[in-house]
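Report on one structure; see the data block that follows.
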Amino acid sequence: MQCAEVEPGFVRDVLIRDTRIAAIETRLSPTADVEQIDAAGGALLRGLHDHHIHLFALAAARQSVACGPPEVTSADELARALAAHAEGIDPEDWLRGFGYHESVAGPLDRRALDALLPGTRPARVQHRTGAMWVLNSAALERVGAGLASWPSGVECDAQGTPTGRVYAEDAWLRERLGDASFPDLASVGRFLASCGVTGLTDATPDKDSATLAALDAAVESGALPQRVVVMGALEVTPESGTRLERGAHKVMLRESALPEFEALVSRIRAAHEQDRGVAFHCVTRAELVLAAGALRAASVHPGDRIEHASIAPDDLVAMLSELGVTVVTQPGFVYERGDVYLRDVDPADRPWLYRGRGFIEGGVSLGAGTDAPYGDADPWCAVRAAVARTTRDGHLLGEGEGLTPERALALFTSPLEAPGRVPGPLAVGDAADLCLLDRPWAPHSADLVRDHVRMTIARGRVIYTRERSAG
Ligand SMILES: [Zn+2]
């Protein structure tokens, strides 16, 4: 790669061989067999890592469309919503709707749905009661392929033809959908690649072996071109030989039903015995106090981390710093949910919401994730919010908590296995997991938008180019 800005103000040629950076020089003369990329002075960054994301939930959310009030209240609106949603997903993907109510377009069946969504895309729409699905003709064709007879929950007309209404046959439907019961991750993988993301940590707790197998298949097939670390249960972990990397043991803490202290301590010890960190979900003060206390009692593993740490006053920051435990925050929530926080959160707690500088100056290692689909999956939204600390309505949340653009980016470029470690400049021998911008860092740092990502490279392979996707 020629003329890449490897550090602000330093333009170099970069040679990538296999999965690593093999050389960084003022001028390289590559042999003819080396593919050449003219970076034209654009900044070459480390690939971004989303340290906290929920992949299948994100894929399902991206593939689902609200089909009832308040979003949709008439047949016209429903047709428009279905068409708009269909445009954003792969032509082969199932369209999944939820929340249908008769007030929108009367009783729904396959013909009504075919008329609302012309074309060959399979679609299923769930009634808001959850008791019924309506399948369009393409969907019925897929689930009925090779079937001798329909089960009793599939409503049929006098001629024995399915009406499209399927009652209480969720288990059958899941079985018939086969792979489609786990939403396809390809469009999620492509979107994240277009953001410059080369690594992910899936934070969903208690994945079963079928979920791990589906994730592994997505990495294996290239649907997910990123590195994938999976958090989860103590008992179910990726088998050796899979492409998934084992992450921390996830512990959900809920203030309304906190676990018994000694039980929690032994759970931490059990994870550490597997040479595995523990990731605590902590969104309240009480949850954070309990997690810190239990970690102190059990001793700390380098992989231990606190997810969210949503409310962290100075005394708790000091405690986390003393323990040496990493915090994985969601600065995107400052923008996305900040206005609700300003209305609903106790004024005494507001200064401690999703802190940035407070953690760093307090000596806590800080990384970040988007928590998509509960937050926007574009990490650049979170990077901007970590800098500006402004809400959607333009209010400031957490004065003095803003980070420099460089430090905010480092929340997402820290190593997957060490989200709080600020990475150094690119060096020979580093993994070729890279994000090339269409301009140098200085102009990019002024607005930090995803549109500037020109190319993404993972394990030495180009997984996204803007040129190609535009053409
Ligand atoms: Zn989460």
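Here, A, B, ... name the chains of the structure tokens in the order displayed, residue numbers run from 1 inside each chain, and ligands are numbered from 1 in the same displayed order.
Using only C-alpha atoms and all ligand atoms, we find that the residues with an atom at most 7 Å from any atom of ligand 1 are His52, Ile53, His54, Ala203, Thr204 and Asp371 of chain A.
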Could you write those residues out with N, CA and C atoms, as an mmCIF file, in the first residue's frame?
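The resulting file, result_38.cif, is shown below:
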```cif
data_model
loop_
_atom_site.group_PDB
_atom_site.id
_atom_site.type_symbol
_atom_site.label_atom_id
_atom_site.label_comp_id
_atom_site.auth_asym_id
_atom_site.auth_seq_id
_atom_site.Cartn_x
_atom_site.Cartn_y
_atom_site.Cartn_z
ATOM 1 N N HIS A 52 -18.368 -4.981 22.624
ATOM 2 C CA HIS A 52 -19.628 -5.430 23.253
ATOM 3 C C HIS A 52 -20.760 -5.292 22.242
ATOM 4 N N ILE A 53 -21.157 -6.416 21.675
ATOM 5 C CA ILE A 53 -22.196 -6.404 20.641
ATOM 6 C C ILE A 53 -22.977 -7.708 20.754
ATOM 7 N N HIS A 54 -24.199 -7.728 20.236
ATOM 8 C CA HIS A 54 -25.037 -8.938 20.262
ATOM 9 C C HIS A 54 -25.400 -9.262 18.817
ATOM 10 N N ALA A 203 -21.437 -10.331 23.356
ATOM 11 C CA ALA A 203 -21.607 -10.271 24.809
ATOM 12 C C ALA A 203 -22.859 -10.978 25.308
ATOM 13 N N THR A 204 -23.543 -11.693 24.418
ATOM 14 C CA THR A 204 -24.763 -12.375 24.859
ATOM 15 C C THR A 204 -24.408 -13.492 25.841
ATOM 16 N N ASP A 371 -22.961 -2.109 21.964
ATOM 17 C CA ASP A 371 -24.115 -2.809 22.528
ATOM 18 C C ASP A 371 -25.242 -2.958 21.499
#
```
Give me, as a tab-separated table, the closest atom pair and its distance (Å, one decimal) for every residue of region 205-261 of chain A within a cut-off of 12 Å of region 418-442 of chain A, counting only C-alpha atoms, rows sorted by chain and rising number.
```
residue	atom	partner	partner_atom	distance
A:Pro225	CA	A:Asp433	CA	10.9
A:Gln226	CA	A:Asp433	CA	9.1
A:Arg227	CA	A:Asp433	CA	9.5
A:Val229	CA	A:Ala418	CA	11.6
A:Gly247	CA	A:Ala418	CA	10.6
A:Ala248	CA	A:Ala418	CA	11.1
```
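Considering the residues A:Ala61, A:Ala292, A:Leu45, A:Leu342 and counting only C-alpha atoms, Gly324 (chain A) has its shortest atom-to-atom contact with A:Ala292.
By only C-alpha atoms, and with residues fewer than 5 positions from Phe412 (chain A) along its chain excluded, the set lying at most 9 Å from it is Gly47, Leu48, His49, Asp50, His51, Val197, Gly367, Ala368, Gly369, Pro379, Val383 and Pro419 of chain A.
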**Report entry** DSSP alpha helix (DSSP H) selection over region 282-410 of chain A, as a PyMOL selection string
**Finding:** chain A and resi 285-298+314-323+332-344+357-361+379-388+405-410
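For the choices A:Leu244, A:Ala171, A:Val334, A:Val345, the atom-to-atom distance to Thr284 (chain A) is smallest for A:Val345 when using only C-alpha atoms.
Running DSSP on the backbone gives strand (DSSP E or B) for these residues within region 196-297 of chain A: A:Val197, A:Thr198, A:Gly199, A:Leu200, A:Thr201, A:Asp202, A:Arg227, A:Val228, A:Val229, A:Val230, A:Met231, A:Gly232, A:Glu245, A:Arg246, A:Gly247, A:Ala248, A:His249, A:Lys250, A:Val251, A:Met252, A:Val278, A:Ala279, A:Phe280, A:His281, A:Cys282.
Atom pair CA of Glu406 (chain A) / CA of Ile463 (chain A) has a distance of 24.2 Å (rounded to one decimal).
Closest approach to Ala223 (chain A) among A:Ala318, A:Ala286, A:Ile306, A:Ala59 is made by A:Ala59 (distances from only C-alpha atoms).
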Requested in this report: Have a look at CA of Asp33 (chain A) and CA of Arg461 (chain A) and let me know their distance in Å, one decimal.
Outcome: 15.2 Å
Query raised in the report: Do you have the CA of Gly222 (chain A)-CA of Leu192 (chain A) distance handy?
Result: 13.1 Å
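Compared by their closest atoms to Thr456 (chain A), and using only C-alpha atoms, the residues A:Ser194, A:Asp393, A:Ala105, A:Trp150 rank with A:Ser194 nearest.
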Report task. Tell me which protein, DNA and RNA residues are within 7 Å of Thr390 (chain A), counting only C-alpha atoms, leaving out same-chain ones fewer than 6 positions away, and put them as JSON, numbers by chain. Result -> {"A": [334, 335, 396, 397]}
